[in-house]
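Novice: Mind looking over this structure? Questions follow.
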Amino acid sequence: MKVIYNPSSGRQVIQRRIDEICKILLDNGYIVGKFATKEKNDAMQEAIRCCKEDWDIIVACGGDGTVNEVATGIIIGGRKIPVAILAAGTVNDFANYMGLPKGSKEFCDMIMDENTIDVDLGKWEDKYFVNVAAGGFLTNVAHQVPTESKNALGRMAYYLEGLKEIPKQMFNGINVKISSEEYTSEEEIFLFLVSNSSSIGGFKMLAPKAQVEDGLLDCIIIRKSEIQDIVSIFINILTGEHVNHPNVEYFKTRKITIESNEKVQVDIDGEYGGTLPATFEVVPRSFKIFC
């Protein structure tokens, strides 16, 4: 088993938990290797190496970005090694959605029980996402927060950065062309989300009908709206009722293209992914995880 971990995620608490997990598994006959990431794409490259070598299991320890890199490395490596996800980042939407254990004993029991499922991934050109691709209002916050702030303040760092960005972005819509089998339009929007799970940015019901095994991506389009409508939409996000608002479009699809004449950044699992245009498609049941 190879443990791929981001040492800047969770700091000392997670280091102790990794050591506990390694000890339990060593005591139960597992051969354990550890790899600490230092910079972007290290986790992806190590996952590719694991596919080429004799590793049977990968433990991905970090936030959504670390899990994203491991999943991408497995796709590129061409061998569907099962992955145990140990949530340790500032935001762990995918692990939280899947209800994965955080305690050392429960986590090891999950691995030793060998219960796995094959979940979908999203794809944009040569990039993959386990949870979400997004563009528009506040979606650039995640990759603007400095690592030091994430480590010191955790989720609060995102909220503080978001508060700074709201006055800059509040009245800026983006003109897009959306094309899919289920929905096609040209309109001014605040925000688009193309999601694999229902939990996005810590909001558990943002894509309330999402399922990671249905072979579909859940798309949420929030049109440019008056301030009172935006307030209503965001209040209702807590219960999932926002999808019933007339200024929200919500549908499932296998493939969607979003284009714009403006420079619109796209966030992929909390990291900068590039700019529009983009065609997002589902890669059904391509990522095997312990659960």
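Note on naming: chains are A, B, ... as they come in the structure tokens, residues start from 1 per chain, ligands start from 1 in the order shown.
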For the interface of segment 181-213 of chain A with segment 92-109 of chain A (cut-off 10 Å, counting only C-alpha atoms), please tabulate each contacting residue of segment 181-213 of chain A alongside its nearest pair of atoms and their separation in Å to one decimal, rows sorted by chain and increasing number, as a tab-separated table.
Specialist:
residue	atom	partner	partner_atom	distance
A:Asn196	CA	A:Phe94	CA	8.9
A:Ser197	CA	A:Phe94	CA	6.8
A:Ser198	CA	A:Tyr97	CA	7.0
A:Ser199	CA	A:Asp93	CA	5.4
A:Ile200	CA	A:Asp93	CA	5.9
A:Gly201	CA	A:Asp93	CA	6.7
A:Gly202	CA	A:Asp93	CA	6.2
A:Phe203	CA	A:Asp93	CA	8.4
A:Lys204	CA	A:Tyr97	CA	7.3
A:Met205	CA	A:Tyr97	CA	9.8
A:Gln211	CA	A:Tyr97	CA	9.8
A:Val212	CA	A:Met98	CA	9.0
Novice: Quick one: everything within 9 Å of Ile76 of chain A, counting only C-alpha atoms, minus sequence neighbours fewer than 5 positions away in the same chain. Send it as a PyMOL selection string.
Specialist: chain A and resi 44+47-48+51+71
Novice: Calculate how many Å separate atom CA of Ser8 of chain A from atom CA of Ala60 of chain A, rounding to one decimal.
Specialist: 13.6 Å
Novice: Under the rule that only C-alpha atoms are counted, which of A:Ser195, A:Phe234, A:Arg285, A:Phe137 is the nearest residue to Ile75 of chain A?
Specialist: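 Distance minimum relative to Ile75 of chain A lands on A:Arg285.
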Novice: Please identify all polymer residues within 9 Å of Ser180 of chain A, counting only C-alpha atoms, omitting same-chain residues fewer than 3 positions from it, and present them as an mmCIF file with all heavy atoms, in the first residue's frame.
Specialist:
data_model
loop_
_atom_site.group_PDB
_atom_site.id
_atom_site.type_symbol
_atom_site.label_atom_id
_atom_site.label_comp_id
_atom_site.auth_asym_id
_atom_site.auth_seq_id
_atom_site.Cartn_x
_atom_site.Cartn_y
_atom_site.Cartn_z
ATOM 1 N N TYR A 183 -30.073 20.777 -22.551
ATOM 2 C CA TYR A 183 -30.311 22.219 -22.383
ATOM 3 C C TYR A 183 -29.325 22.997 -23.244
ATOM 4 O O TYR A 183 -28.118 22.771 -23.191
ATOM 5 C CB TYR A 183 -30.132 22.600 -20.911
ATOM 6 C CG TYR A 183 -30.359 24.056 -20.602
ATOM 7 C CD1 TYR A 183 -31.647 24.581 -20.559
ATOM 8 C CD2 TYR A 183 -29.288 24.912 -20.345
ATOM 9 C CE1 TYR A 183 -31.869 25.927 -20.258
ATOM 10 C CE2 TYR A 183 -29.494 26.252 -20.042
ATOM 11 C CZ TYR A 183 -30.785 26.756 -20.003
ATOM 12 O OH TYR A 183 -31.004 28.082 -19.706
ATOM 13 N N THR A 184 -29.848 23.945 -24.031
ATOM 14 C CA THR A 184 -29.020 24.804 -24.874
ATOM 15 C C THR A 184 -29.527 26.233 -24.771
ATOM 16 O O THR A 184 -30.744 26.465 -24.829
ATOM 17 C CB THR A 184 -29.066 24.341 -26.344
ATOM 18 O OG1 THR A 184 -28.530 23.009 -26.425
ATOM 19 C CG2 THR A 184 -28.243 25.254 -27.236
ATOM 20 N N THR A 253 -26.499 15.537 -17.381
ATOM 21 C CA THR A 253 -26.063 15.309 -18.754
ATOM 22 C C THR A 253 -24.800 14.449 -18.773
ATOM 23 O O THR A 253 -24.100 14.346 -17.766
ATOM 24 C CB THR A 253 -25.795 16.652 -19.473
ATOM 25 O OG1 THR A 253 -25.577 16.424 -20.870
ATOM 26 C CG2 THR A 253 -24.566 17.360 -18.896
ATOM 27 N N ARG A 254 -24.541 13.855 -19.922
ATOM 28 C CA ARG A 254 -23.279 13.131 -20.107
ATOM 29 C C ARG A 254 -22.182 14.060 -20.634
ATOM 30 O O ARG A 254 -21.004 13.801 -20.448
ATOM 31 C CB ARG A 254 -23.474 11.960 -21.084
ATOM 32 C CG ARG A 254 -24.278 10.811 -20.514
ATOM 33 C CD ARG A 254 -24.349 9.630 -21.486
ATOM 34 N NE ARG A 254 -25.010 8.498 -20.877
ATOM 35 C CZ ARG A 254 -26.326 8.352 -20.799
ATOM 36 N NH1 ARG A 254 -27.130 9.282 -21.327
ATOM 37 N NH2 ARG A 254 -26.862 7.301 -20.212
ATOM 38 N N LYS A 255 -22.613 15.164 -21.302
ATOM 39 C CA LYS A 255 -21.642 16.036 -21.960
ATOM 40 C C LYS A 255 -22.227 17.435 -22.099
ATOM 41 O O LYS A 255 -23.385 17.592 -22.479
ATOM 42 C CB LYS A 255 -21.292 15.459 -23.337
ATOM 43 C CG LYS A 255 -20.185 16.179 -24.086
ATOM 44 C CD LYS A 255 -19.888 15.416 -25.376
ATOM 45 C CE LYS A 255 -18.767 16.043 -26.162
ATOM 46 N NZ LYS A 255 -18.484 15.273 -27.410
ATOM 47 N N ILE A 256 -21.419 18.448 -21.788
ATOM 48 C CA ILE A 256 -21.876 19.830 -21.908
ATOM 49 C C ILE A 256 -20.715 20.712 -22.357
ATOM 50 O O ILE A 256 -19.580 20.537 -21.892
ATOM 51 C CB ILE A 256 -22.467 20.341 -20.574
ATOM 52 C CG1 ILE A 256 -22.962 21.785 -20.722
ATOM 53 C CG2 ILE A 256 -21.486 20.209 -19.424
ATOM 54 C CD1 ILE A 256 -23.737 22.290 -19.520
ATOM 55 N N THR A 257 -21.001 21.636 -23.269
ATOM 56 C CA THR A 257 -20.014 22.610 -23.727
ATOM 57 C C THR A 257 -20.441 23.997 -23.276
ATOM 58 O O THR A 257 -21.602 24.390 -23.450
ATOM 59 C CB THR A 257 -19.875 22.585 -25.252
ATOM 60 O OG1 THR A 257 -19.432 21.280 -25.661
ATOM 61 C CG2 THR A 257 -18.866 23.619 -25.732
ATOM 62 N N ILE A 258 -19.517 24.747 -22.693
ATOM 63 C CA ILE A 258 -19.772 26.117 -22.255
ATOM 64 C C ILE A 258 -18.724 27.022 -22.905
ATOM 65 O O ILE A 258 -17.515 26.786 -22.762
ATOM 66 C CB ILE A 258 -19.737 26.244 -20.722
ATOM 67 C CG1 ILE A 258 -20.751 25.273 -20.091
ATOM 68 C CG2 ILE A 258 -20.044 27.681 -20.293
ATOM 69 C CD1 ILE A 258 -20.735 25.247 -18.579
#
Novice: In Å to one decimal, how far is atom CA of Pro208 of chain A from atom CA of Leu238 of chain A?
Specialist: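 About the pair atom CA of Leu238 of chain A and atom CA of Pro208 of chain A: they are 10.1 Å apart.
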Novice: From the DSSP assignment of the backbone, select every residue of segment 67-267 of chain A that is alpha helix (DSSP H), and format the answer as a ChimeraX atom specification.
Specialist: /A:67-77,93-98,104-113,147-153,155-169,227-236
Novice: Give me, as a PDB file with all heavy atoms, in the first residue's frame, all polymer residues having an atom no more than 9 Å from Gln265 of chain A, counting only C-alpha atoms and skipping those fewer than 4 positions away in the same chain.
Specialist:
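Saved file selection.pdb follows:
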ATOM      1  N   ALA A 134     -16.233  24.503 -12.107  1.00  0.00           N
ATOM      2  CA  ALA A 134     -17.101  25.654 -11.878  1.00  0.00           C
ATOM      3  C   ALA A 134     -16.493  26.919 -12.453  1.00  0.00           C
ATOM      4  O   ALA A 134     -15.274  27.052 -12.575  1.00  0.00           O
ATOM      5  CB  ALA A 134     -17.346  25.834 -10.374  1.00  0.00           C
ATOM      6  N   GLY A 135     -17.370  27.881 -12.789  1.00  0.00           N
ATOM      7  CA  GLY A 135     -16.914  29.172 -13.270  1.00  0.00           C
ATOM      8  C   GLY A 135     -17.918  30.250 -12.919  1.00  0.00           C
ATOM      9  O   GLY A 135     -19.115  29.986 -12.788  1.00  0.00           O
ATOM     10  N   GLY A 136     -17.415  31.494 -12.740  1.00  0.00           N
ATOM     11  CA  GLY A 136     -18.297  32.595 -12.412  1.00  0.00           C
ATOM     12  C   GLY A 136     -18.144  33.049 -10.980  1.00  0.00           C
ATOM     13  O   GLY A 136     -17.068  32.921 -10.378  1.00  0.00           O
ATOM     14  N   THR A 139     -16.100  31.481  -7.795  1.00  0.00           N
ATOM     15  CA  THR A 139     -15.480  30.174  -8.013  1.00  0.00           C
ATOM     16  C   THR A 139     -13.958  30.258  -8.067  1.00  0.00           C
ATOM     17  O   THR A 139     -13.288  29.228  -7.994  1.00  0.00           O
ATOM     18  CB  THR A 139     -15.995  29.526  -9.312  1.00  0.00           C
ATOM     19  OG1 THR A 139     -15.772  30.417 -10.403  1.00  0.00           O
ATOM     20  CG2 THR A 139     -17.477  29.217  -9.215  1.00  0.00           C
ATOM     21  N   ASN A 140     -13.414  31.478  -8.173  1.00  0.00           N
ATOM     22  CA  ASN A 140     -11.951  31.620  -8.175  1.00  0.00           C
ATOM     23  C   ASN A 140     -11.379  31.751  -6.768  1.00  0.00           C
ATOM     24  O   ASN A 140     -10.168  31.797  -6.592  1.00  0.00           O
ATOM     25  CB  ASN A 140     -11.544  32.842  -9.007  1.00  0.00           C
ATOM     26  CG  ASN A 140     -12.112  34.135  -8.443  1.00  0.00           C
ATOM     27  OD1 ASN A 140     -13.133  34.118  -7.750  1.00  0.00           O
ATOM     28  ND2 ASN A 140     -11.468  35.253  -8.735  1.00  0.00           N
ATOM     29  N   TYR A 272      -7.060  26.028 -10.119  1.00  0.00           N
ATOM     30  CA  TYR A 272      -7.246  26.686 -11.408  1.00  0.00           C
ATOM     31  C   TYR A 272      -7.060  25.672 -12.533  1.00  0.00           C
ATOM     32  O   TYR A 272      -6.062  24.964 -12.596  1.00  0.00           O
ATOM     33  CB  TYR A 272      -6.228  27.825 -11.558  1.00  0.00           C
ATOM     34  CG  TYR A 272      -6.225  28.468 -12.926  1.00  0.00           C
ATOM     35  CD1 TYR A 272      -7.273  29.285 -13.334  1.00  0.00           C
ATOM     36  CD2 TYR A 272      -5.176  28.247 -13.811  1.00  0.00           C
ATOM     37  CE1 TYR A 272      -7.276  29.877 -14.589  1.00  0.00           C
ATOM     38  CE2 TYR A 272      -5.175  28.833 -15.069  1.00  0.00           C
ATOM     39  CZ  TYR A 272      -6.224  29.644 -15.452  1.00  0.00           C
ATOM     40  OH  TYR A 272      -6.233  30.225 -16.703  1.00  0.00           O
ATOM     41  N   GLY A 273      -8.072  25.601 -13.433  1.00  0.00           N
ATOM     42  CA  GLY A 273      -8.015  24.601 -14.505  1.00  0.00           C
ATOM     43  C   GLY A 273      -7.792  25.160 -15.888  1.00  0.00           C
ATOM     44  O   GLY A 273      -7.457  24.431 -16.808  1.00  0.00           O
ATOM     45  N   GLY A 274      -8.006  26.477 -16.067  1.00  0.00           N
ATOM     46  CA  GLY A 274      -7.886  27.092 -17.381  1.00  0.00           C
ATOM     47  C   GLY A 274      -9.052  28.040 -17.606  1.00  0.00           C
ATOM     48  O   GLY A 274      -9.690  28.491 -16.659  1.00  0.00           O
ATOM     49  N   THR A 275      -9.325  28.374 -18.849  1.00  0.00           N
ATOM     50  CA  THR A 275     -10.405  29.300 -19.172  1.00  0.00           C
ATOM     51  C   THR A 275     -11.326  28.694 -20.233  1.00  0.00           C
ATOM     52  O   THR A 275     -10.935  27.779 -20.968  1.00  0.00           O
ATOM     53  CB  THR A 275      -9.852  30.646 -19.689  1.00  0.00           C
ATOM     54  OG1 THR A 275      -9.019  30.404 -20.835  1.00  0.00           O
ATOM     55  CG2 THR A 275      -9.030  31.358 -18.620  1.00  0.00           C
ATOM     56  N   LEU A 276     -12.556  29.226 -20.284  1.00  0.00           N
ATOM     57  CA  LEU A 276     -13.500  28.801 -21.328  1.00  0.00           C
ATOM     58  C   LEU A 276     -12.931  29.139 -22.706  1.00  0.00           C
ATOM     59  O   LEU A 276     -12.133  30.052 -22.830  1.00  0.00           O
ATOM     60  CB  LEU A 276     -14.847  29.506 -21.128  1.00  0.00           C
ATOM     61  CG  LEU A 276     -15.619  29.176 -19.847  1.00  0.00           C
ATOM     62  CD1 LEU A 276     -16.943  29.931 -19.837  1.00  0.00           C
ATOM     63  CD2 LEU A 276     -15.882  27.687 -19.700  1.00  0.00           C
TER      64      LEU A 276
END
